[in-house]
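model.cif, holding mmCIF, C-alpha atoms and all ligand atoms:
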data_model
#
loop_
_atom_site.label_atom_id
_atom_site.label_comp_id
_atom_site.auth_asym_id
_atom_site.auth_seq_id
_atom_site.Cartn_x
_atom_site.Cartn_y
_atom_site.Cartn_z
CA LEU A 899 -10.79 -28.60 -14.28
CA TYR A 900 -9.35 -26.53 -17.08
CA SER A 901 -9.51 -23.24 -15.25
CA TYR A 902 -8.26 -22.66 -11.78
CA GLU A 903 -6.26 -20.13 -9.84
CA ALA A 904 -2.77 -21.25 -9.01
CA VAL A 905 -2.21 -21.12 -5.28
CA ALA A 906 1.39 -21.33 -4.16
CA THR A 907 2.85 -20.94 -0.74
CA GLY A 908 6.40 -20.23 0.34
CA THR A 909 8.24 -19.88 3.61
CA GLY A 910 8.81 -16.55 5.33
CA HIS A 911 11.44 -15.94 7.97
CA THR A 912 9.91 -12.97 9.76
CA GLN A 913 11.38 -10.64 12.35
CA TYR A 914 8.47 -10.87 14.80
CA SER A 915 6.44 -14.00 14.05
CA GLY A 916 9.05 -16.68 13.39
CA GLN A 917 8.73 -19.00 10.39
CA VAL A 918 5.42 -18.57 8.55
CA THR A 919 3.67 -19.67 5.37
CA LEU A 920 3.18 -16.96 2.73
CA GLY A 921 1.11 -16.75 -0.44
CA THR A 922 3.71 -16.52 -3.24
CA ALA A 923 2.09 -17.09 -6.65
CA PRO A 924 3.16 -17.05 -9.39
CA SER A 925 6.62 -18.49 -8.85
CA TYR A 926 7.74 -16.47 -6.99
CA THR A 927 6.19 -13.17 -5.97
CA LEU A 928 4.54 -11.94 -2.77
CA THR A 929 1.03 -12.40 -4.12
CA ASP A 930 -1.54 -14.12 -1.93
CA THR A 931 -3.90 -15.71 -4.42
CA ALA A 932 -5.91 -17.35 -1.66
CA ARG A 933 -6.69 -13.93 -0.14
CA GLY A 934 -7.90 -11.72 -2.94
CA GLY A 935 -4.44 -11.54 -4.51
CA HIS A 936 -2.94 -9.35 -1.76
CA LYS A 937 0.51 -8.13 -2.89
CA THR A 938 3.48 -6.74 -0.98
CA TYR A 939 5.78 -4.14 -2.56
CA ASP A 940 9.21 -2.68 -1.83
CA LEU A 941 9.23 1.13 -1.68
CA LYS A 942 13.05 1.12 -1.35
CA GLY A 943 12.98 4.31 0.70
CA ALA A 944 10.53 6.19 -1.50
CA THR A 945 7.55 7.97 0.06
CA SER A 946 5.23 7.77 -2.93
CA GLY A 947 4.31 5.35 -5.68
CA THR A 948 3.43 1.69 -5.47
CA GLY A 949 7.00 0.38 -5.37
CA THR A 950 8.28 -2.90 -6.78
CA LEU A 951 6.52 -6.20 -6.23
CA PHE A 952 8.71 -8.53 -4.18
CA THR A 953 10.00 -11.20 -6.56
CA ASN A 954 12.38 -14.03 -5.76
CA THR A 955 14.21 -16.90 -7.44
CA THR A 956 13.47 -19.21 -4.51
CA ASP A 957 10.36 -19.53 -2.35
CA ILE A 958 12.18 -18.61 0.88
CA TRP A 959 11.59 -15.02 2.01
CA GLY A 960 13.72 -13.05 4.45
CA ASN A 961 16.04 -14.33 7.15
CA GLY A 962 14.48 -12.96 10.33
CA LEU A 963 16.74 -9.90 10.35
CA ALA A 964 15.86 -6.32 9.44
CA THR A 965 19.04 -6.11 7.34
CA HIS A 966 17.47 -8.50 4.79
CA ARG A 967 14.91 -6.44 2.89
CA GLU A 968 12.52 -9.36 2.43
CA THR A 969 12.14 -9.78 6.20
CA ALA A 970 9.83 -6.78 6.71
CA ALA A 971 7.94 -7.89 3.61
CA ALA A 972 7.43 -11.35 5.09
CA ASP A 973 6.06 -9.83 8.32
CA ALA A 974 3.73 -7.46 6.45
CA HIS A 975 2.51 -10.14 4.02
CA TYR A 976 1.85 -12.52 6.91
CA GLY A 977 0.04 -9.82 8.93
CA ALA A 978 -2.28 -9.06 6.02
CA ALA A 979 -2.99 -12.78 5.55
CA VAL A 980 -3.85 -13.42 9.20
CA THR A 981 -6.04 -10.32 9.31
CA TRP A 982 -7.83 -11.49 6.15
CA ASP A 983 -8.40 -14.92 7.74
CA PHE A 984 -9.62 -13.35 10.99
CA TYR A 985 -12.15 -11.19 9.14
CA LYS A 986 -13.34 -14.21 7.14
CA ASN A 987 -13.40 -16.90 9.80
CA GLU A 988 -14.32 -14.87 12.86
CA LEU A 989 -16.29 -11.91 11.51
CA GLY A 990 -17.78 -13.56 8.42
CA ARG A 991 -16.39 -10.80 6.21
CA ASN A 992 -14.81 -11.32 2.80
CA GLY A 993 -12.00 -8.73 2.85
CA ILE A 994 -11.96 -5.12 3.98
CA ARG A 995 -14.94 -4.05 1.88
CA GLY A 996 -16.67 -7.41 2.02
CA ASP A 997 -16.28 -7.83 -1.73
CA GLY A 998 -13.32 -10.23 -1.76
CA ALA A 999 -10.93 -7.56 -3.05
CA ALA A 1000 -7.51 -7.30 -1.47
CA ALA A 1001 -5.64 -4.20 -0.38
CA TYR A 1002 -1.85 -4.22 -0.77
CA SER A 1003 1.15 -3.58 1.46
CA ARG A 1004 4.21 -1.37 0.97
CA VAL A 1005 7.33 -1.75 3.13
CA HIS A 1006 10.58 0.24 3.46
CA TYR A 1007 8.80 3.60 3.34
CA GLY A 1008 11.23 6.52 3.73
CA ASN A 1009 14.35 6.40 5.89
CA ALA A 1010 14.15 5.27 9.53
CA TYR A 1011 10.47 6.21 9.43
CA VAL A 1012 8.83 5.38 12.76
CA ASN A 1013 5.21 4.87 11.77
CA ALA A 1014 2.84 2.77 9.72
CA PHE A 1015 -0.41 3.87 8.16
CA TRP A 1016 -3.47 2.98 6.16
CA SER A 1017 -4.53 5.09 3.19
CA ASP A 1018 -7.99 5.06 1.65
CA SER A 1019 -6.66 6.69 -1.53
CA CYS A 1020 -4.35 3.79 -2.40
CA PHE A 1021 -6.44 1.22 -0.49
CA CYS A 1022 -3.11 0.11 0.98
CA MET A 1023 -1.05 -0.05 4.12
CA THR A 1024 2.47 1.24 4.45
CA TYR A 1025 5.27 0.52 6.90
CA GLY A 1026 8.37 2.44 7.89
CA ASP A 1027 11.58 0.71 8.98
CA GLY A 1028 11.65 2.23 12.47
CA ALA A 1029 14.55 3.84 14.29
CA GLY A 1030 17.89 3.04 12.68
CA ASN A 1031 15.91 1.12 10.03
CA ALA A 1032 16.15 -1.79 12.48
CA ARG A 1033 12.60 -2.13 13.83
CA PRO A 1034 10.15 -2.11 10.93
CA LEU A 1035 6.61 -1.41 12.15
CA THR A 1036 5.39 -4.69 10.69
CA SER A 1037 4.37 -6.68 13.77
CA LEU A 1038 1.11 -8.62 13.65
CA ASP A 1039 -0.85 -6.26 15.91
CA VAL A 1040 0.30 -3.22 13.92
CA ALA A 1041 -0.67 -4.88 10.61
CA GLY A 1042 -4.07 -5.78 12.06
CA HIS A 1043 -4.41 -2.23 13.38
CA GLU A 1044 -3.65 -0.60 10.02
CA MET A 1045 -5.78 -2.97 7.95
CA THR A 1046 -8.64 -2.34 10.36
CA HIS A 1047 -8.47 1.39 9.53
CA GLY A 1048 -9.55 0.22 6.07
CA LEU A 1049 -12.36 -1.81 7.59
CA THR A 1050 -13.58 1.12 9.69
CA SER A 1051 -13.48 3.34 6.65
CA ALA A 1052 -15.54 0.81 4.67
CA THR A 1053 -18.15 0.45 7.44
CA ALA A 1054 -18.92 3.05 10.13
CA GLY A 1055 -16.53 5.61 8.63
CA LEU A 1056 -15.77 7.02 12.10
CA ARG A 1057 -14.44 10.57 11.58
CA TYR A 1058 -10.79 10.80 12.68
CA SER A 1059 -11.18 13.53 15.32
CA LYS A 1060 -12.72 14.01 18.77
CA GLU A 1061 -14.67 11.08 20.25
CA SER A 1062 -15.37 9.36 16.93
CA GLY A 1063 -11.64 9.50 16.21
CA GLY A 1064 -10.89 7.81 19.53
CA LEU A 1065 -13.41 5.10 18.64
CA ASN A 1066 -11.77 4.74 15.22
CA GLU A 1067 -8.35 4.22 16.85
CA ALA A 1068 -9.81 1.86 19.47
CA THR A 1069 -11.42 -0.22 16.71
CA SER A 1070 -7.97 -0.71 15.18
CA ASP A 1071 -6.44 -1.60 18.55
CA ILE A 1072 -9.31 -3.96 19.45
CA LEU A 1073 -9.31 -5.87 16.17
CA GLY A 1074 -5.51 -5.68 15.75
CA THR A 1075 -5.18 -7.28 19.17
CA SER A 1076 -7.85 -9.83 18.29
CA VAL A 1077 -5.86 -10.73 15.16
CA GLU A 1078 -2.77 -11.30 17.30
CA PHE A 1079 -4.69 -13.68 19.58
CA TYR A 1080 -6.36 -15.38 16.59
CA ALA A 1081 -2.99 -16.10 14.95
CA ALA A 1082 -1.91 -18.26 17.90
CA ASN A 1083 1.64 -17.67 16.68
CA ALA A 1084 4.22 -19.18 19.03
CA ALA A 1085 6.64 -16.29 18.47
CA ASP A 1086 3.97 -13.61 19.05
CA THR A 1087 1.32 -14.89 21.43
CA GLY A 1088 -1.72 -12.69 21.98
CA ASP A 1089 -1.64 -9.87 24.49
CA TYR A 1090 -3.52 -6.69 25.35
CA LEU A 1091 -0.50 -4.53 24.52
CA ILE A 1092 -0.12 -2.59 21.28
CA GLY A 1093 3.27 -2.64 19.54
CA GLU A 1094 5.10 -4.65 22.19
CA LYS A 1095 7.38 -6.14 19.51
CA ILE A 1096 8.54 -3.02 17.70
CA ASP A 1097 10.22 -1.15 20.58
CA ILE A 1098 8.94 2.17 19.30
CA ARG A 1099 9.92 3.90 22.55
CA GLY A 1100 13.41 2.42 22.56
CA ASN A 1101 13.05 1.15 26.12
CA GLY A 1102 11.23 -2.09 25.44
CA THR A 1103 7.79 -0.87 26.52
CA PRO A 1104 4.69 -1.13 24.33
CA LEU A 1105 3.01 1.79 22.62
CA ARG A 1106 -0.37 1.26 24.34
CA TYR A 1107 -2.04 -0.87 27.02
CA MET A 1108 -5.65 -2.01 27.01
CA ASP A 1109 -6.08 -3.16 30.64
CA LYS A 1110 -5.27 0.30 31.98
CA PRO A 1111 -4.61 2.69 29.09
CA SER A 1112 -3.06 5.39 31.33
CA ARG A 1113 -0.03 3.10 31.73
CA ASP A 1114 1.30 4.86 28.60
CA GLY A 1115 1.34 8.20 30.43
CA SER A 1116 -1.09 9.85 27.98
CA SER A 1117 -4.24 7.79 27.41
CA ALA A 1118 -7.47 8.11 29.39
CA ASP A 1119 -8.80 5.16 31.37
CA TYR A 1120 -12.34 6.58 31.65
CA TRP A 1121 -14.69 8.75 29.67
CA SER A 1122 -14.96 12.41 30.68
CA SER A 1123 -16.47 15.44 28.96
CA SER A 1124 -12.96 16.59 27.92
CA LEU A 1125 -12.00 13.26 26.31
CA GLY A 1126 -12.49 14.60 22.78
CA ARG A 1127 -9.64 17.09 23.25
CA LEU A 1128 -7.05 14.32 23.42
CA ASP A 1129 -5.19 12.97 20.41
CA VAL A 1130 -7.21 10.11 18.90
CA HIS A 1131 -4.51 7.61 19.97
CA HIS A 1132 -5.25 8.60 23.58
CA SER A 1133 -9.02 9.17 23.47
CA SER A 1134 -9.14 5.54 22.33
CA GLY A 1135 -8.30 4.61 25.93
CA PRO A 1136 -11.77 4.18 27.43
CA ALA A 1137 -12.93 2.02 24.51
CA ASN A 1138 -9.80 -0.15 24.67
CA HIS A 1139 -10.37 -0.43 28.41
CA PHE A 1140 -14.05 -1.31 27.79
CA PHE A 1141 -12.96 -4.12 25.47
CA PHE A 1142 -10.49 -5.52 28.00
CA LEU A 1143 -13.10 -5.46 30.78
CA LEU A 1144 -15.76 -7.03 28.54
CA ALA A 1145 -13.45 -9.81 27.35
CA GLU A 1146 -11.45 -10.52 30.49
CA GLY A 1147 -13.10 -8.83 33.46
CA SER A 1148 -11.64 -6.49 36.07
CA GLY A 1149 -8.77 -6.82 38.50
CA ALA A 1150 -5.53 -8.79 38.28
CA ARG A 1151 -4.98 -11.66 35.86
CA THR A 1152 -2.35 -13.21 33.63
CA VAL A 1153 -3.04 -14.07 29.99
CA ASN A 1154 -0.40 -15.90 27.90
CA GLY A 1155 2.17 -15.06 30.54
CA VAL A 1156 1.45 -11.30 30.60
CA SER A 1157 0.06 -9.76 33.79
CA TYR A 1158 -2.68 -7.15 33.81
CA ASN A 1159 -4.60 -5.26 36.46
CA SER A 1160 -7.69 -3.56 35.14
CA PRO A 1161 -9.48 -1.01 37.34
CA THR A 1162 -13.11 0.17 37.13
CA TYR A 1163 -14.47 3.70 37.49
CA ASP A 1164 -17.37 2.55 39.64
CA ASN A 1165 -15.34 0.04 41.68
CA SER A 1166 -17.43 -2.75 40.17
CA THR A 1167 -16.03 -6.27 39.84
CA LEU A 1168 -16.56 -7.62 36.34
CA THR A 1169 -16.37 -11.10 34.87
CA GLY A 1170 -15.36 -11.27 31.21
CA ILE A 1171 -17.43 -12.90 28.46
CA GLY A 1172 -14.31 -13.90 26.49
CA ARG A 1173 -12.59 -12.31 23.55
CA GLU A 1174 -14.59 -13.99 20.82
CA LYS A 1175 -17.95 -12.68 21.98
CA ALA A 1176 -16.41 -9.29 22.73
CA TYR A 1177 -14.95 -8.79 19.24
CA LYS A 1178 -18.08 -10.11 17.55
CA ILE A 1179 -20.14 -7.55 19.47
CA TRP A 1180 -17.70 -4.74 18.57
CA TYR A 1181 -17.65 -5.69 14.89
CA LYS A 1182 -21.44 -5.98 14.67
CA ALA A 1183 -21.75 -2.56 16.30
CA LEU A 1184 -19.13 -1.11 13.93
CA SER A 1185 -20.65 -2.54 10.78
CA THR A 1186 -24.34 -2.13 11.65
CA TYR A 1187 -24.90 0.72 14.09
CA MET A 1188 -21.94 3.13 14.22
CA THR A 1189 -21.68 6.07 11.84
CA SER A 1190 -19.10 8.75 11.06
CA SER A 1191 -20.24 10.85 14.03
CA THR A 1192 -20.69 8.16 16.69
CA THR A 1193 -19.64 9.30 20.17
CA TYR A 1194 -18.85 7.20 23.21
CA ALA A 1195 -22.52 7.36 24.26
CA GLY A 1196 -23.40 6.19 20.74
CA ALA A 1197 -20.85 3.37 20.93
CA ARG A 1198 -22.57 2.20 24.10
CA THR A 1199 -25.98 2.00 22.44
CA ALA A 1200 -24.44 0.48 19.29
CA THR A 1201 -22.77 -2.33 21.23
CA LEU A 1202 -25.92 -2.94 23.30
CA SER A 1203 -27.93 -3.25 20.09
CA ALA A 1204 -25.27 -5.60 18.68
CA ALA A 1205 -25.36 -7.71 21.87
CA THR A 1206 -29.15 -7.92 21.60
CA ASP A 1207 -28.90 -9.02 17.96
CA LEU A 1208 -26.26 -11.66 18.70
CA TYR A 1209 -27.21 -12.95 22.14
CA GLY A 1210 -30.66 -11.60 22.97
CA ALA A 1211 -32.12 -8.74 24.99
CA GLY A 1212 -31.35 -9.18 28.65
CA SER A 1213 -28.74 -11.86 27.91
CA ALA A 1214 -25.68 -12.21 30.12
CA GLU A 1215 -23.67 -10.74 27.23
CA TYR A 1216 -25.98 -7.70 26.99
CA ASN A 1217 -25.63 -7.11 30.73
CA ALA A 1218 -21.86 -7.49 30.54
CA VAL A 1219 -21.70 -4.83 27.81
CA ALA A 1220 -23.70 -2.41 29.96
CA ALA A 1221 -21.53 -3.13 33.00
CA ALA A 1222 -18.27 -2.70 31.09
CA TRP A 1223 -19.36 0.71 29.74
CA ALA A 1224 -20.38 1.81 33.24
CA ALA A 1225 -16.93 0.71 34.42
CA VAL A 1226 -15.33 3.22 32.02
CA ASN A 1227 -17.85 5.94 32.98
CA VAL A 1228 -20.10 5.70 29.94
CA LYS A 1229 -23.77 5.50 30.92
N1 LIG A 1301 0.16 4.60 12.88
C1 LIG A 1301 -0.84 5.62 13.00
C2 LIG A 1301 -2.20 4.99 13.12
O1 LIG A 1301 -2.53 4.05 12.45
C3 LIG A 1301 -0.82 6.52 11.86
C4 LIG A 1301 -1.75 7.63 12.14
O2 LIG A 1301 -1.59 8.37 13.07
N2 LIG A 1301 -2.80 7.73 11.34
O3 LIG A 1301 -2.99 5.47 13.88
ZN ZN A 1302 -4.35 3.96 13.93
CA CA A 1303 0.14 -6.84 20.94
#
As structure tokens, please, write out the structure in this file.
Amino acid sequence: LYSYEAVATGTGHTQYSGQVTLGTAPSYTLTDTARGGHKTYDLKGATSGTGTLFTNTTDIWGNGLATHRETAAADAHYGAAVTWDFYKNELGRNGIRGDGAAAYSRVHYGNAYVNAFWSDSCFCMTYGDGAGNARPLTSLDVAGHEMTHGLTSATAGLRYSKESGGLNEATSDILGTSVEFYAANAADTGDYLIGEKIDIRGNGTPLRYMDKPSRDGSSADYWSSSLGRLDVHHSSGPANHFFFLLAEGSGARTVNGVSYNSPTYDNSTLTGIGREKAYKIWYKALSTYMTSSTTYAGARTATLSAATDLYGAGSAEYNAVAAAWAAVNVK
């Protein structure tokens, strides 16, 4: 009774996720005591250093507009919190390394910087403000994507080139998307699109698509022997496509108001096993069976082993994993 951690929550007015609750102890900083003490800092245009911890005289953060510098911070802080909760409640993992320690977030990196990234050296994620400093790359799926680079690094350590690099990127898209669905946020309902909120292309289209990755004009839908020559953000395609097929099945469907039409290499018709089973299989494979050099063929055996562990050899889930890999030409 005499010793406890103060947990305080404030209200964030985000750009992409509406009004949210934020961890803001002590009165008032962006410090999430309930989630390892995750902190969010203001880089104020710098491209190095930790920046300045967001501190406030009231417990209201941002106003929903990019012109208020706390707004991007509220989005980033919220994204880290939801990703933390997803890891804990859905994957049974206590933080990125499983040790309860938080990373931290930095926003307002550089000037009109159109990217976001994870860094192992700072154990932190960093967000630019986007074109015209008006579209910070702080949406929920992007935060989940970047934080999951930390998770991949702490587990399989998938090397960031060739096929393992594509699997590394796909892991971030798969779990980032799963975070977006998990949040059940009314302003950002789950979808199988990556970056649909940040308008990175300036024409309102998402950065990537999981139902049919080639919709972006660059990603592969299916495995081929030349896949490893693509940029890792495009060789991720077959694994993202695998995840969509495993979770949702093939063909046309609408999820949360978004329409998809997912083809199969072998013209098979697949029925999905649902997102929850699909991401649990992927995470088990990532954390138990994949290594730094895992290829697509290795990802297939890793996910089959994970499905056996979770649902049994010869289970419907095991068979669905095999069928979904065949549908992206991995056998
Ligand atoms: N936003 C990019 C990503 O997370 C940054 C990079 O290319 N590493 O993949
Ligand atoms: Zn990435
Ligand atoms: Ca999305």
A:Tyr939, A:Phe1015, A:Phe952, A:Phe984 ranked by distance to ligand ZN 1302 (chain A), top pick (using only C-alpha atoms and all ligand atoms):
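For ligand ZN 1302 (chain A), the nearest of the given residues is A:Phe1015.
Distance annotation: of A:Glu1174, A:Glu1067, A:Glu1146, A:Asp1109, the residue with the minimal separation from ligand ZN 1302 (chain A) is A:Glu1067; atom set is only C-alpha atoms and all ligand atoms.
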Using CA of Met1188 in chain A and CA of Leu1056 in chain A as the two end points, give the distance in Å to one decimal.
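Between these atoms lies a distance of 7.6 Å.
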Can you measure CA of Lys1229 in chain A to CA of Ala1211 in chain A for me? One decimal in Å is fine.
17.5 Å
Please identify the residues whose atoms come within 8 Å of ligand LIG 1301 (chain A), using only C-alpha atoms and all ligand atoms, and report them as a ChimeraX atom specification.
/A:1013-1016,1040,1043-1044,1047,1067,1070,1131
Which one is closest to Asp1129 in chain A: A:Gly1063, A:Gly1100, A:Gly1008, A:Gly916? Count all atoms listed in the file.
A:Gly1063
Per residue of chain A within 6 Å of ligand CA 1303 (chain A), what are the shortest atom pair and its distance in Å to one decimal, counting all atoms listed in the file, with rows by chain and residue number, as CSV?
residue,atom,partner,partner_atom,distance
A:Asp1039,CA,A:CA1303,CA,5.2
A:Thr1075,CA,A:CA1303,CA,5.6
A:Asp1089,CA,A:CA1303,CA,5.0
A:Tyr1090,CA,A:CA1303,CA,5.7
A:Leu1091,CA,A:CA1303,CA,4.3
A:Ile1092,CA,A:CA1303,CA,4.3
A:Gly1093,CA,A:CA1303,CA,5.4
A:Glu1094,CA,A:CA1303,CA,5.6
Given only C-alpha atoms and all ligand atoms as the counted atoms, nearest of A:Pro1104, A:Gly1155, A:Gly1042, A:Gly1115 to ligand ZN 1302 (chain A)
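Of A:Pro1104, A:Gly1155, A:Gly1042, A:Gly1115, the one nearest ligand ZN 1302 (chain A) is A:Gly1042, counting only C-alpha atoms and all ligand atoms.
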Ranking A:Thr1046, A:Thr1036, A:Ser925, A:Asn1031 by minimum distance to ligand ZN 1302 (chain A) and counting all atoms listed in the file, which one comes first?
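Result for the nearest residue to ligand ZN 1302 (chain A): A:Thr1046.
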Nearest-residue call for Ala1214 in chain A, choices A:Pro924, A:Gly1055, A:Gly1135, A:Gly1170, using all atoms listed in the file:
A:Gly1170
Where is the centre and how long are the edges: axis-aligned box on range 1043-1046 of chain A, 3 Å on each side, Å to one decimal, as AutoDock Vina command-line options:
--center_x -6.1 --center_y -1.8 --center_z 10.7 --size_x 11.0 --size_y 8.4 --size_z 11.4
Could you list, as a ChimeraX atom specification, every residue within 9 Å of range 1017-1025 of chain A, counting only C-alpha atoms and ignoring same-chain residues fewer than 5 positions away?
/A:948,970,974,1000-1007,1011-1012,1034-1036,1041,1044-1045,1047-1048,1051
Can you work out the spacing between CA of Thr938 in chain A and CA of Leu1105 in chain A in Å, to one decimal?
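Taking CA of Thr938 in chain A and CA of Leu1105 in chain A, their separation equals 25.1 Å.
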Just the residues within 10 Å of range 1156-1164 of chain A, please, counting all atoms listed in the file, with nothing from its chain fewer than 6 positions along; format it as a ChimeraX atom specification.
/A:1087-1091,1107-1111,1119-1121,1139-1140,1142-1143,1146-1150,1221-1228
Residues within 9 Å of range 1195-1200 of chain A, please, as a PDB file with C-alpha atoms, in the coordinates of the input. Count all atoms listed in the file; anything in the same chain fewer than 5 positions from it doesn't count.
ATOM      1  CA  LEU A1065     -13.410   5.100  18.640  1.00  0.00           C
ATOM      2  CA  ALA A1137     -12.930   2.020  24.510  1.00  0.00           C
ATOM      3  CA  TRP A1180     -17.700  -4.740  18.570  1.00  0.00           C
ATOM      4  CA  LYS A1182     -21.440  -5.980  14.670  1.00  0.00           C
ATOM      5  CA  ALA A1183     -21.750  -2.560  16.300  1.00  0.00           C
ATOM      6  CA  LEU A1184     -19.130  -1.110  13.930  1.00  0.00           C
ATOM      7  CA  THR A1186     -24.340  -2.130  11.650  1.00  0.00           C
ATOM      8  CA  TYR A1187     -24.900   0.720  14.090  1.00  0.00           C
ATOM      9  CA  MET A1188     -21.940   3.130  14.220  1.00  0.00           C
ATOM     10  CA  ALA A1205     -25.360  -7.710  21.870  1.00  0.00           C
ATOM     11  CA  VAL A1219     -21.700  -4.830  27.810  1.00  0.00           C
ATOM     12  CA  ALA A1220     -23.700  -2.410  29.960  1.00  0.00           C
ATOM     13  CA  TRP A1223     -19.360   0.710  29.740  1.00  0.00           C
ATOM     14  CA  VAL A1228     -20.100   5.700  29.940  1.00  0.00           C
ATOM     15  CA  LYS A1229     -23.770   5.500  30.920  1.00  0.00           C
TER      16      LYS A1229
END
Protein and nucleic acid residues near (-3.6, -15.9, -10.1) (cut-off 12 Å, only C-alpha atoms) as number ranges by chain
A: 901-906, 921-937
Up to 8 Å from (-16.3, 15.4, 11.1) in the file's coordinates: name the residues, counting all atoms listed in the file, as a list of chain:residue names.
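Every residue inside that radius is included here: A:Arg1057, A:Tyr1058, A:Ser1059, A:Ser1190, A:Ser1191.
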Would you mind completing range 988-1001 of chain A to N, CA and C atoms and writing the output as a JSON list (two decimals), in the coordinates of the input?
[["chain", "number", "residue", "atom", "x", "y", "z"],
["A", 988, "GLU", "N", -13.74, -15.32, 11.59],
["A", 988, "GLU", "CA", -14.32, -14.87, 12.86],
["A", 988, "GLU", "C", -15.42, -13.84, 12.69],
["A", 989, "LEU", "N", -15.30, -12.97, 11.69],
["A", 989, "LEU", "CA", -16.29, -11.91, 11.51],
["A", 989, "LEU", "C", -17.22, -12.20, 10.33],
["A", 990, "GLY", "N", -16.93, -13.24, 9.56],
["A", 990, "GLY", "CA", -17.78, -13.56, 8.42],
["A", 990, "GLY", "C", -17.71, -12.51, 7.32],
["A", 991, "ARG", "N", -16.54, -11.88, 7.18],
["A", 991, "ARG", "CA", -16.39, -10.80, 6.21],
["A", 991, "ARG", "C", -15.34, -11.16, 5.16],
["A", 992, "ASN", "N", -15.69, -10.96, 3.90],
["A", 992, "ASN", "CA", -14.81, -11.32, 2.80],
["A", 992, "ASN", "C", -13.96, -10.11, 2.38],
["A", 993, "GLY", "N", -12.89, -9.86, 3.14],
["A", 993, "GLY", "CA", -12.00, -8.73, 2.85],
["A", 993, "GLY", "C", -12.49, -7.44, 3.47],
["A", 994, "ILE", "N", -11.70, -6.41, 3.33],
["A", 994, "ILE", "CA", -11.96, -5.12, 3.98],
["A", 994, "ILE", "C", -13.33, -4.58, 3.61],
["A", 995, "ARG", "N", -13.65, -4.60, 2.33],
["A", 995, "ARG", "CA", -14.94, -4.05, 1.88],
["A", 995, "ARG", "C", -16.03, -5.10, 1.81],
["A", 996, "GLY", "N", -15.68, -6.34, 2.09],
["A", 996, "GLY", "CA", -16.67, -7.41, 2.02],
["A", 996, "GLY", "C", -16.92, -7.90, 0.61],
["A", 997, "ASP", "N", -16.08, -7.47, -0.33],
["A", 997, "ASP", "CA", -16.28, -7.83, -1.73],
["A", 997, "ASP", "C", -15.21, -8.79, -2.26],
["A", 998, "GLY", "N", -14.36, -9.28, -1.35],
["A", 998, "GLY", "CA", -13.32, -10.23, -1.76],
["A", 998, "GLY", "C", -12.08, -9.58, -2.35],
["A", 999, "ALA", "N", -12.09, -8.25, -2.46],
["A", 999, "ALA", "CA", -10.93, -7.56, -3.05],
["A", 999, "ALA", "C", -9.86, -7.33, -2.00],
["A", 1000, "ALA", "N", -8.62, -7.52, -2.39],
["A", 1000, "ALA", "CA", -7.51, -7.30, -1.47],
["A", 1000, "ALA", "C", -7.05, -5.85, -1.49],
["A", 1001, "ALA", "N", -6.45, -5.42, -0.39],
["A", 1001, "ALA", "CA", -5.64, -4.20, -0.38],
["A", 1001, "ALA", "C", -4.24, -4.60, -0.84]]
